[in-house]
file query-v8.cif (mmCIF, N, CA and C atoms)
data_structure
#
loop_
_atom_site.label_atom_id
_atom_site.label_comp_id
_atom_site.auth_asym_id
_atom_site.auth_seq_id
_atom_site.Cartn_x
_atom_site.Cartn_y
_atom_site.Cartn_z
N MET A 1 9.04 -47.75 -54.13
CA MET A 1 8.92 -48.56 -52.94
C MET A 1 9.89 -48.09 -51.86
N GLU A 2 11.07 -47.69 -52.29
CA GLU A 2 12.09 -47.23 -51.35
C GLU A 2 11.63 -45.96 -50.63
N LYS A 3 11.00 -45.06 -51.39
CA LYS A 3 10.51 -43.81 -50.80
C LYS A 3 9.39 -44.07 -49.80
N ILE A 4 8.56 -45.04 -50.07
CA ILE A 4 7.47 -45.38 -49.14
C ILE A 4 8.04 -45.89 -47.83
N LYS A 5 9.09 -46.70 -47.90
CA LYS A 5 9.74 -47.20 -46.67
C LYS A 5 10.33 -46.05 -45.86
N ILE A 6 10.96 -45.11 -46.55
CA ILE A 6 11.55 -43.95 -45.87
C ILE A 6 10.46 -43.13 -45.20
N ILE A 7 9.35 -42.92 -45.91
CA ILE A 7 8.25 -42.13 -45.35
C ILE A 7 7.66 -42.82 -44.13
N THR A 8 7.42 -44.13 -44.20
CA THR A 8 6.85 -44.84 -43.05
C THR A 8 7.79 -44.83 -41.86
N GLU A 9 9.09 -44.95 -42.10
CA GLU A 9 10.06 -44.89 -41.00
C GLU A 9 10.05 -43.52 -40.33
N ARG A 10 9.99 -42.48 -41.16
CA ARG A 10 9.96 -41.13 -40.59
C ARG A 10 8.65 -40.87 -39.84
N LEU A 11 7.55 -41.41 -40.34
CA LEU A 11 6.27 -41.27 -39.63
C LEU A 11 6.33 -41.96 -38.27
N LYS A 12 6.91 -43.16 -38.24
CA LYS A 12 7.03 -43.88 -36.97
C LYS A 12 7.90 -43.10 -35.99
N THR A 13 8.99 -42.54 -36.50
CA THR A 13 9.88 -41.75 -35.64
C THR A 13 9.15 -40.54 -35.08
N THR A 14 8.41 -39.86 -35.93
CA THR A 14 7.66 -38.69 -35.50
C THR A 14 6.60 -39.06 -34.47
N GLN A 15 5.86 -40.14 -34.73
CA GLN A 15 4.84 -40.58 -33.78
C GLN A 15 5.45 -40.96 -32.45
N SER A 16 6.58 -41.62 -32.49
CA SER A 16 7.26 -42.00 -31.25
C SER A 16 7.67 -40.76 -30.46
N ARG A 17 8.21 -39.77 -31.18
CA ARG A 17 8.63 -38.53 -30.53
C ARG A 17 7.43 -37.82 -29.91
N GLN A 18 6.32 -37.75 -30.64
CA GLN A 18 5.12 -37.11 -30.11
C GLN A 18 4.61 -37.85 -28.88
N LYS A 19 4.66 -39.17 -28.92
CA LYS A 19 4.19 -39.96 -27.80
C LYS A 19 5.05 -39.71 -26.56
N SER A 20 6.36 -39.61 -26.76
CA SER A 20 7.24 -39.37 -25.61
C SER A 20 6.98 -37.98 -25.02
N TYR A 21 6.71 -36.97 -25.87
CA TYR A 21 6.39 -35.64 -25.36
C TYR A 21 5.08 -35.65 -24.61
N SER A 22 4.09 -36.33 -25.15
CA SER A 22 2.78 -36.33 -24.48
C SER A 22 2.83 -37.08 -23.16
N ASN A 23 3.67 -38.11 -23.06
CA ASN A 23 3.77 -38.86 -21.82
C ASN A 23 4.37 -38.03 -20.69
N ILE A 24 5.21 -37.07 -21.02
CA ILE A 24 5.82 -36.22 -20.00
C ILE A 24 4.77 -35.37 -19.30
N PHE A 25 3.84 -34.81 -20.07
CA PHE A 25 2.85 -33.89 -19.52
C PHE A 25 1.50 -34.54 -19.27
N HIS A 26 1.41 -35.82 -19.42
CA HIS A 26 0.13 -36.52 -19.29
C HIS A 26 -0.27 -36.66 -17.82
N ARG A 27 -1.55 -36.37 -17.56
CA ARG A 27 -2.08 -36.59 -16.21
C ARG A 27 -3.24 -37.56 -16.31
N ASP A 28 -3.28 -38.51 -15.42
CA ASP A 28 -4.41 -39.42 -15.40
C ASP A 28 -5.58 -38.73 -14.72
N LEU A 29 -6.69 -38.64 -15.42
CA LEU A 29 -7.88 -38.03 -14.86
C LEU A 29 -8.85 -39.13 -14.47
N GLU A 30 -9.46 -38.98 -13.31
CA GLU A 30 -10.44 -39.95 -12.87
C GLU A 30 -11.80 -39.28 -12.82
N PHE A 31 -12.78 -39.95 -13.39
CA PHE A 31 -14.13 -39.41 -13.42
C PHE A 31 -15.09 -40.44 -12.88
N LYS A 32 -16.12 -39.94 -12.27
CA LYS A 32 -17.18 -40.79 -11.79
C LYS A 32 -18.32 -40.75 -12.79
N GLU A 33 -19.28 -41.60 -12.57
CA GLU A 33 -20.44 -41.61 -13.45
C GLU A 33 -21.12 -40.24 -13.43
N ASP A 34 -21.53 -39.76 -14.57
CA ASP A 34 -22.21 -38.48 -14.76
C ASP A 34 -21.31 -37.27 -14.51
N ASP A 35 -20.00 -37.44 -14.57
CA ASP A 35 -19.11 -36.30 -14.40
C ASP A 35 -19.11 -35.40 -15.63
N TRP A 36 -19.15 -35.98 -16.81
CA TRP A 36 -19.04 -35.19 -18.05
C TRP A 36 -20.43 -34.83 -18.57
N VAL A 37 -21.08 -33.93 -17.87
CA VAL A 37 -22.40 -33.43 -18.30
C VAL A 37 -22.35 -31.93 -18.34
N ALA A 38 -23.35 -31.33 -18.96
CA ALA A 38 -23.45 -29.88 -19.00
C ALA A 38 -24.31 -29.44 -17.82
N TYR A 39 -23.96 -28.30 -17.25
CA TYR A 39 -24.69 -27.76 -16.12
C TYR A 39 -25.37 -26.46 -16.52
N MET A 40 -26.53 -26.23 -15.96
CA MET A 40 -27.24 -24.99 -16.22
C MET A 40 -27.24 -24.16 -14.94
N LEU A 41 -26.85 -22.91 -15.08
CA LEU A 41 -26.79 -22.02 -13.93
C LEU A 41 -28.10 -21.28 -13.78
N GLU A 42 -28.47 -21.01 -12.54
CA GLU A 42 -29.61 -20.14 -12.28
C GLU A 42 -29.05 -18.74 -12.06
N LEU A 43 -29.18 -17.92 -13.08
CA LEU A 43 -28.62 -16.56 -13.03
C LEU A 43 -29.69 -15.56 -12.68
N PRO A 44 -29.30 -14.45 -12.03
CA PRO A 44 -30.27 -13.40 -11.74
C PRO A 44 -30.76 -12.75 -13.04
N PRO A 45 -31.93 -12.13 -13.02
CA PRO A 45 -32.50 -11.55 -14.24
C PRO A 45 -31.60 -10.50 -14.90
N ASP A 46 -30.82 -9.78 -14.12
CA ASP A 46 -29.98 -8.74 -14.72
C ASP A 46 -28.79 -9.33 -15.48
N MET A 47 -28.58 -10.65 -15.39
CA MET A 47 -27.52 -11.31 -16.15
C MET A 47 -28.11 -12.22 -17.23
N SER A 48 -29.25 -11.84 -17.76
CA SER A 48 -29.95 -12.67 -18.73
C SER A 48 -29.20 -12.79 -20.06
N LEU A 49 -28.24 -11.91 -20.32
CA LEU A 49 -27.49 -11.97 -21.57
C LEU A 49 -26.38 -13.03 -21.54
N VAL A 50 -26.07 -13.56 -20.36
CA VAL A 50 -25.03 -14.59 -20.23
C VAL A 50 -25.66 -15.95 -20.52
N HIS A 51 -24.97 -16.74 -21.33
CA HIS A 51 -25.48 -18.09 -21.63
C HIS A 51 -25.37 -18.94 -20.37
N PRO A 52 -26.47 -19.55 -19.92
CA PRO A 52 -26.46 -20.21 -18.62
C PRO A 52 -25.92 -21.64 -18.61
N VAL A 53 -25.55 -22.20 -19.77
CA VAL A 53 -25.11 -23.59 -19.82
C VAL A 53 -23.60 -23.63 -20.06
N PHE A 54 -22.90 -24.47 -19.30
CA PHE A 54 -21.48 -24.66 -19.52
C PHE A 54 -21.15 -26.13 -19.36
N HIS A 55 -20.01 -26.53 -19.91
CA HIS A 55 -19.58 -27.92 -19.85
C HIS A 55 -18.53 -28.07 -18.76
N VAL A 56 -18.52 -29.20 -18.12
CA VAL A 56 -17.60 -29.45 -17.01
C VAL A 56 -16.15 -29.30 -17.43
N SER A 57 -15.84 -29.58 -18.68
CA SER A 57 -14.46 -29.49 -19.14
C SER A 57 -13.93 -28.06 -19.08
N MET A 58 -14.82 -27.08 -18.95
CA MET A 58 -14.40 -25.68 -18.88
C MET A 58 -13.97 -25.29 -17.47
N LEU A 59 -14.23 -26.13 -16.49
CA LEU A 59 -13.88 -25.81 -15.10
C LEU A 59 -12.40 -26.01 -14.85
N LYS A 60 -11.85 -25.17 -14.01
CA LYS A 60 -10.46 -25.30 -13.58
C LYS A 60 -10.43 -25.31 -12.06
N LYS A 61 -9.49 -26.04 -11.52
CA LYS A 61 -9.36 -26.11 -10.08
C LYS A 61 -8.83 -24.78 -9.56
N VAL A 62 -9.49 -24.25 -8.55
CA VAL A 62 -9.09 -22.98 -7.97
C VAL A 62 -8.91 -23.17 -6.47
N VAL A 63 -7.76 -22.77 -6.00
CA VAL A 63 -7.52 -22.73 -4.57
C VAL A 63 -7.52 -21.25 -4.21
N GLY A 64 -8.64 -20.80 -3.70
CA GLY A 64 -8.80 -19.37 -3.48
C GLY A 64 -8.67 -18.96 -2.03
N ASP A 65 -8.56 -17.67 -1.85
CA ASP A 65 -8.50 -17.07 -0.53
C ASP A 65 -9.86 -16.45 -0.27
N PRO A 66 -10.62 -16.93 0.73
CA PRO A 66 -11.97 -16.40 0.98
C PRO A 66 -11.99 -14.92 1.30
N SER A 67 -10.88 -14.36 1.76
CA SER A 67 -10.87 -12.93 2.08
C SER A 67 -10.87 -12.07 0.83
N LEU A 68 -10.57 -12.66 -0.34
CA LEU A 68 -10.53 -11.90 -1.59
C LEU A 68 -11.88 -11.86 -2.30
N ILE A 69 -12.88 -12.51 -1.76
CA ILE A 69 -14.19 -12.55 -2.40
C ILE A 69 -14.88 -11.21 -2.22
N VAL A 70 -15.33 -10.64 -3.35
CA VAL A 70 -16.04 -9.37 -3.33
C VAL A 70 -17.52 -9.67 -3.48
N PRO A 71 -18.36 -9.15 -2.59
CA PRO A 71 -19.79 -9.40 -2.74
C PRO A 71 -20.30 -8.81 -4.05
N VAL A 72 -21.06 -9.61 -4.79
CA VAL A 72 -21.54 -9.20 -6.11
C VAL A 72 -22.51 -8.03 -6.00
N GLU A 73 -23.21 -7.91 -4.89
CA GLU A 73 -24.20 -6.85 -4.74
C GLU A 73 -23.57 -5.46 -4.79
N THR A 74 -22.29 -5.35 -4.44
CA THR A 74 -21.65 -4.03 -4.40
C THR A 74 -21.18 -3.56 -5.77
N ILE A 75 -21.15 -4.47 -6.76
CA ILE A 75 -20.69 -4.11 -8.10
C ILE A 75 -21.90 -3.88 -8.99
N GLU A 76 -21.95 -2.70 -9.61
CA GLU A 76 -23.05 -2.39 -10.51
C GLU A 76 -22.65 -2.80 -11.93
N VAL A 77 -23.34 -3.81 -12.46
CA VAL A 77 -23.06 -4.32 -13.79
C VAL A 77 -24.03 -3.68 -14.77
N ASN A 78 -23.50 -3.15 -15.90
CA ASN A 78 -24.37 -2.52 -16.88
C ASN A 78 -24.92 -3.54 -17.87
N GLU A 79 -25.61 -3.07 -18.90
CA GLU A 79 -26.27 -3.96 -19.85
C GLU A 79 -25.28 -4.82 -20.64
N GLU A 80 -24.07 -4.33 -20.86
CA GLU A 80 -23.06 -5.10 -21.59
C GLU A 80 -22.32 -6.07 -20.67
N LEU A 81 -22.80 -6.21 -19.45
CA LEU A 81 -22.19 -7.09 -18.44
C LEU A 81 -20.76 -6.67 -18.12
N THR A 82 -20.54 -5.37 -18.07
CA THR A 82 -19.25 -4.83 -17.65
C THR A 82 -19.51 -3.85 -16.52
N TYR A 83 -18.46 -3.48 -15.85
CA TYR A 83 -18.59 -2.47 -14.81
C TYR A 83 -17.37 -1.57 -14.86
N GLU A 84 -17.55 -0.36 -14.38
CA GLU A 84 -16.46 0.61 -14.43
C GLU A 84 -15.66 0.54 -13.14
N GLU A 85 -14.35 0.36 -13.31
CA GLU A 85 -13.46 0.40 -12.16
C GLU A 85 -13.16 1.86 -11.84
N ILE A 86 -13.24 2.21 -10.58
CA ILE A 86 -12.99 3.59 -10.16
C ILE A 86 -11.78 3.59 -9.25
N PRO A 87 -10.78 4.42 -9.56
CA PRO A 87 -9.61 4.46 -8.69
C PRO A 87 -9.94 5.13 -7.36
N VAL A 88 -9.43 4.55 -6.29
CA VAL A 88 -9.69 5.06 -4.95
C VAL A 88 -8.56 5.97 -4.49
N SER A 89 -7.32 5.52 -4.69
CA SER A 89 -6.19 6.32 -4.23
C SER A 89 -4.92 5.96 -5.00
N ILE A 90 -3.94 6.84 -4.87
CA ILE A 90 -2.63 6.62 -5.47
C ILE A 90 -1.72 6.03 -4.41
N LEU A 91 -1.16 4.86 -4.69
CA LEU A 91 -0.30 4.19 -3.71
C LEU A 91 1.17 4.55 -3.88
N ASP A 92 1.59 4.81 -5.13
CA ASP A 92 3.01 5.05 -5.37
C ASP A 92 3.18 5.79 -6.69
N ARG A 93 4.34 6.40 -6.86
CA ARG A 93 4.68 7.09 -8.12
C ARG A 93 6.07 6.63 -8.55
N GLN A 94 6.29 6.65 -9.86
CA GLN A 94 7.61 6.34 -10.38
C GLN A 94 7.79 7.03 -11.73
N VAL A 95 9.04 7.30 -12.06
CA VAL A 95 9.36 7.89 -13.36
C VAL A 95 10.35 6.95 -14.04
N ARG A 96 9.95 6.42 -15.19
CA ARG A 96 10.83 5.54 -15.96
C ARG A 96 11.56 6.37 -17.00
N LYS A 97 12.86 6.21 -17.04
CA LYS A 97 13.67 6.99 -17.97
C LYS A 97 14.03 6.13 -19.17
N LEU A 98 13.64 6.61 -20.34
CA LEU A 98 14.04 5.97 -21.58
C LEU A 98 15.20 6.77 -22.16
N ARG A 99 15.60 6.51 -23.36
CA ARG A 99 16.76 7.19 -23.93
C ARG A 99 16.58 8.70 -23.96
N ASN A 100 15.46 9.16 -24.50
CA ASN A 100 15.28 10.60 -24.63
C ASN A 100 13.93 11.04 -24.07
N LYS A 101 13.38 10.26 -23.16
CA LYS A 101 12.03 10.53 -22.69
C LYS A 101 11.86 10.00 -21.27
N GLU A 102 11.02 10.65 -20.51
CA GLU A 102 10.69 10.17 -19.17
C GLU A 102 9.18 9.94 -19.11
N ILE A 103 8.79 8.81 -18.55
CA ILE A 103 7.38 8.46 -18.44
C ILE A 103 7.02 8.36 -16.96
N ALA A 104 6.09 9.21 -16.53
CA ALA A 104 5.64 9.19 -15.14
C ALA A 104 4.46 8.23 -15.00
N SER A 105 4.51 7.37 -13.99
CA SER A 105 3.45 6.40 -13.73
C SER A 105 3.00 6.50 -12.29
N VAL A 106 1.75 6.12 -12.07
CA VAL A 106 1.21 6.07 -10.72
C VAL A 106 0.62 4.68 -10.48
N LYS A 107 0.76 4.21 -9.26
CA LYS A 107 0.19 2.92 -8.89
C LYS A 107 -1.16 3.20 -8.23
N LEU A 108 -2.24 2.69 -8.87
CA LEU A 108 -3.58 3.01 -8.41
C LEU A 108 -4.23 1.83 -7.70
N LEU A 109 -4.90 2.15 -6.60
CA LEU A 109 -5.75 1.18 -5.93
C LEU A 109 -7.16 1.38 -6.46
N TRP A 110 -7.76 0.32 -6.97
CA TRP A 110 -9.08 0.41 -7.59
C TRP A 110 -10.16 -0.03 -6.62
N GLN A 111 -11.34 0.52 -6.80
CA GLN A 111 -12.50 0.14 -6.00
C GLN A 111 -12.78 -1.34 -6.23
N ASN A 112 -13.18 -2.06 -5.21
CA ASN A 112 -13.49 -3.49 -5.25
C ASN A 112 -12.27 -4.36 -5.52
N GLN A 113 -11.05 -3.83 -5.33
CA GLN A 113 -9.83 -4.60 -5.54
C GLN A 113 -8.98 -4.53 -4.28
N GLN A 114 -8.10 -5.51 -4.14
CA GLN A 114 -7.17 -5.54 -3.01
C GLN A 114 -5.90 -4.78 -3.39
N VAL A 115 -5.06 -4.48 -2.41
CA VAL A 115 -3.82 -3.74 -2.65
C VAL A 115 -2.91 -4.53 -3.60
N GLU A 116 -2.93 -5.86 -3.51
CA GLU A 116 -2.08 -6.68 -4.37
C GLU A 116 -2.47 -6.55 -5.84
N GLU A 117 -3.68 -6.11 -6.11
CA GLU A 117 -4.16 -6.01 -7.49
C GLU A 117 -4.07 -4.59 -8.05
N ALA A 118 -3.35 -3.71 -7.35
CA ALA A 118 -3.16 -2.34 -7.82
C ALA A 118 -2.35 -2.37 -9.11
N THR A 119 -2.62 -1.41 -9.99
CA THR A 119 -1.96 -1.40 -11.30
C THR A 119 -1.20 -0.10 -11.52
N TRP A 120 -0.17 -0.19 -12.36
CA TRP A 120 0.59 0.99 -12.76
C TRP A 120 -0.05 1.56 -14.00
N GLU A 121 -0.36 2.85 -13.97
CA GLU A 121 -1.00 3.54 -15.10
C GLU A 121 -0.21 4.80 -15.41
N ALA A 122 -0.33 5.27 -16.65
CA ALA A 122 0.34 6.51 -17.06
C ALA A 122 -0.28 7.68 -16.31
N GLU A 123 0.57 8.49 -15.67
CA GLU A 123 0.09 9.60 -14.84
C GLU A 123 -0.69 10.62 -15.66
N GLU A 124 -0.23 10.92 -16.87
CA GLU A 124 -0.90 11.90 -17.72
C GLU A 124 -2.35 11.51 -18.01
N GLU A 125 -2.54 10.25 -18.40
CA GLU A 125 -3.88 9.76 -18.72
C GLU A 125 -4.79 9.79 -17.49
N MET A 126 -4.25 9.41 -16.35
CA MET A 126 -5.06 9.39 -15.14
C MET A 126 -5.43 10.80 -14.69
N LYS A 127 -4.55 11.77 -14.92
CA LYS A 127 -4.88 13.17 -14.58
C LYS A 127 -6.03 13.66 -15.43
N LYS A 128 -6.07 13.22 -16.70
CA LYS A 128 -7.17 13.62 -17.57
C LYS A 128 -8.49 12.97 -17.15
N LYS A 129 -8.43 11.67 -16.86
CA LYS A 129 -9.65 10.92 -16.53
C LYS A 129 -10.14 11.20 -15.12
N TYR A 130 -9.22 11.25 -14.16
CA TYR A 130 -9.59 11.35 -12.74
C TYR A 130 -8.80 12.49 -12.09
N PRO A 131 -9.10 13.74 -12.40
CA PRO A 131 -8.33 14.87 -11.81
C PRO A 131 -8.48 14.98 -10.29
N ASN A 132 -9.59 14.46 -9.74
CA ASN A 132 -9.81 14.55 -8.30
C ASN A 132 -8.78 13.76 -7.48
N LEU A 133 -8.12 12.75 -8.09
CA LEU A 133 -7.10 11.99 -7.38
C LEU A 133 -5.83 12.80 -7.12
N PHE A 134 -5.59 13.80 -7.94
CA PHE A 134 -4.34 14.55 -7.87
C PHE A 134 -4.46 15.89 -7.14
N GLU A 135 -5.59 16.11 -6.51
CA GLU A 135 -5.80 17.38 -5.79
C GLU A 135 -5.19 17.36 -4.42
#

call {"tool": "encode", "arguments": {"input": "query-v8.cif", "output": "structure tokens"}}
result
Amino acid sequence: MEKIKIITERLKTTQSRQKSYSNIFHRDLEFKEDDWVAYMLELPPDMSLVHPVFHVSMLKKVVGDPSLIVPVETIEVNEELTYEEIPVSILDRQVRKLRNKEIASVKLLWQNQQVEEATWEAEEEMKKKYPNLFE
């Protein structure tokens, strides 16, 4: 009987602790009638492999910049619903020095991307894949 009392006390303590943690991050959500329904998208025929139904709970609030929108018509999507990014130009170079090694990197601007979305890639790999950038 003594052990049962100890267990129940510890359970209450744990539940209280969990409740206090959840209250810190809790947000009150307000919904209107018919808010929690599934929506079906009308997709173009070339995207027939994508499942057209999604649930509202999957949506996230986005505050976007309209200037960053890329027209979908300019991107060629293949059968696996992927597309190949093509580097347009090299924006910057850097050499990172490790203990006994130096790694050369290049900052690439990709097609259909903004300058802010440029990525650092290993120079050696990019020379193999895209030799025309280094001419």

call {"tool": "residues_around", "arguments": {"input": "query-v8.cif", "residues": "segment 77-85 of chain A", "least_positions_apart": "2", "cutoff": "6.5 Å", "atoms": "all atoms listed in the file", "output": "PyMOL selection string"}}
result
chain A and resi 75+87+110-111

call {"tool": "closest_residue", "arguments": {"input": "query-v8.cif", "among": "A:Pro66, A:Leu11, A:Leu59, A:Ser105", "to": "Arg93 of chain A", "atoms": "only N, CA and C atoms"}}
result
A:Ser105

call {"tool": "atom_distance", "arguments": {"input": "query-v8.cif", "atom1": "atom N of Ile69 of chain A", "atom2": "atom C of Gln113 of chain A"}}
result
9.2 Å

call {"tool": "select_by_dssp", "arguments": {"input": "query-v8.cif", "residues": "chain A", "states": "alpha helix (DSSP H)", "output": "count of residues only"}}
result
31

call {"tool": "atom_distance", "arguments": {"input": "query-v8.cif", "atom1": "atom CA of Val88 of chain A", "atom2": "atom CA of Tyr130 of chain A"}}
result
10.0 Å

call {"tool": "atom_distance", "arguments": {"input": "query-v8.cif", "atom1": "atom N of Lys107 of chain A", "atom2": "atom CA of Thr119 of chain A"}}
result
6.6 Å

call {"tool": "residues_around", "arguments": {"input": "query-v8.cif", "residues": "Val37 of chain A", "least_positions_apart": "4", "cutoff": "7 Å", "atoms": "only N, CA and C atoms", "output": "PyMOL selection string"}}
result
chain A and resi 54-57

call {"tool": "resolve_selection", "arguments": {"input": "query-v8.cif", "expression": "the PyMOL selection byres (((chain A and resi 124-126 and name CA) around 10) and name CA)", "output": "ChimeraX atom specification"}}
result
/A:87,103-106,108,121-123,127-134

call {"tool": "resolve_selection", "arguments": {"input": "query-v8.cif", "expression": "the PyMOL selection byres (((chain A and resi 41 and name CA) around 10) and name CA)", "output": "PDB file with N, CA and C atoms, keeping the file's coordinate frame"}}
result
ATOM      1  N   ALA A  38     -23.350 -31.330 -18.960  1.00  0.00           N
ATOM      2  CA  ALA A  38     -23.450 -29.880 -19.000  1.00  0.00           C
ATOM      3  C   ALA A  38     -24.310 -29.440 -17.820  1.00  0.00           C
ATOM      4  N   TYR A  39     -23.960 -28.300 -17.250  1.00  0.00           N
ATOM      5  CA  TYR A  39     -24.690 -27.760 -16.120  1.00  0.00           C
ATOM      6  C   TYR A  39     -25.370 -26.460 -16.520  1.00  0.00           C
ATOM      7  N   MET A  40     -26.530 -26.230 -15.960  1.00  0.00           N
ATOM      8  CA  MET A  40     -27.240 -24.990 -16.220  1.00  0.00           C
ATOM      9  C   MET A  40     -27.240 -24.160 -14.940  1.00  0.00           C
ATOM     10  N   GLU A  42     -28.470 -21.010 -12.540  1.00  0.00           N
ATOM     11  CA  GLU A  42     -29.610 -20.140 -12.280  1.00  0.00           C
ATOM     12  C   GLU A  42     -29.050 -18.740 -12.060  1.00  0.00           C
ATOM     13  N   LEU A  43     -29.180 -17.920 -13.080  1.00  0.00           N
ATOM     14  CA  LEU A  43     -28.620 -16.560 -13.030  1.00  0.00           C
ATOM     15  C   LEU A  43     -29.690 -15.560 -12.680  1.00  0.00           C
ATOM     16  N   PRO A  44     -29.300 -14.450 -12.030  1.00  0.00           N
ATOM     17  CA  PRO A  44     -30.270 -13.400 -11.740  1.00  0.00           C
ATOM     18  C   PRO A  44     -30.760 -12.750 -13.040  1.00  0.00           C
ATOM     19  N   VAL A  50     -26.070 -13.560 -20.360  1.00  0.00           N
ATOM     20  CA  VAL A  50     -25.030 -14.590 -20.230  1.00  0.00           C
ATOM     21  C   VAL A  50     -25.660 -15.950 -20.520  1.00  0.00           C
ATOM     22  N   HIS A  51     -24.970 -16.740 -21.330  1.00  0.00           N
ATOM     23  CA  HIS A  51     -25.480 -18.090 -21.630  1.00  0.00           C
ATOM     24  C   HIS A  51     -25.370 -18.940 -20.370  1.00  0.00           C
ATOM     25  N   PRO A  52     -26.470 -19.550 -19.920  1.00  0.00           N
ATOM     26  CA  PRO A  52     -26.460 -20.210 -18.620  1.00  0.00           C
ATOM     27  C   PRO A  52     -25.920 -21.640 -18.610  1.00  0.00           C
ATOM     28  N   VAL A  53     -25.550 -22.200 -19.770  1.00  0.00           N
ATOM     29  CA  VAL A  53     -25.110 -23.590 -19.820  1.00  0.00           C
ATOM     30  C   VAL A  53     -23.600 -23.630 -20.060  1.00  0.00           C
ATOM     31  N   PHE A  54     -22.900 -24.470 -19.300  1.00  0.00           N
ATOM     32  CA  PHE A  54     -21.480 -24.660 -19.520  1.00  0.00           C
ATOM     33  C   PHE A  54     -21.150 -26.130 -19.360  1.00  0.00           C
TER      34      PHE A  54
END

call {"tool": "closest_residue", "arguments": {"input": "query-v8.cif", "among": "A:Met58, A:Glu76, A:Arg17, A:Leu109", "to": "Asp92 of chain A", "atoms": "all atoms listed in the file"}}
result
A:Leu109
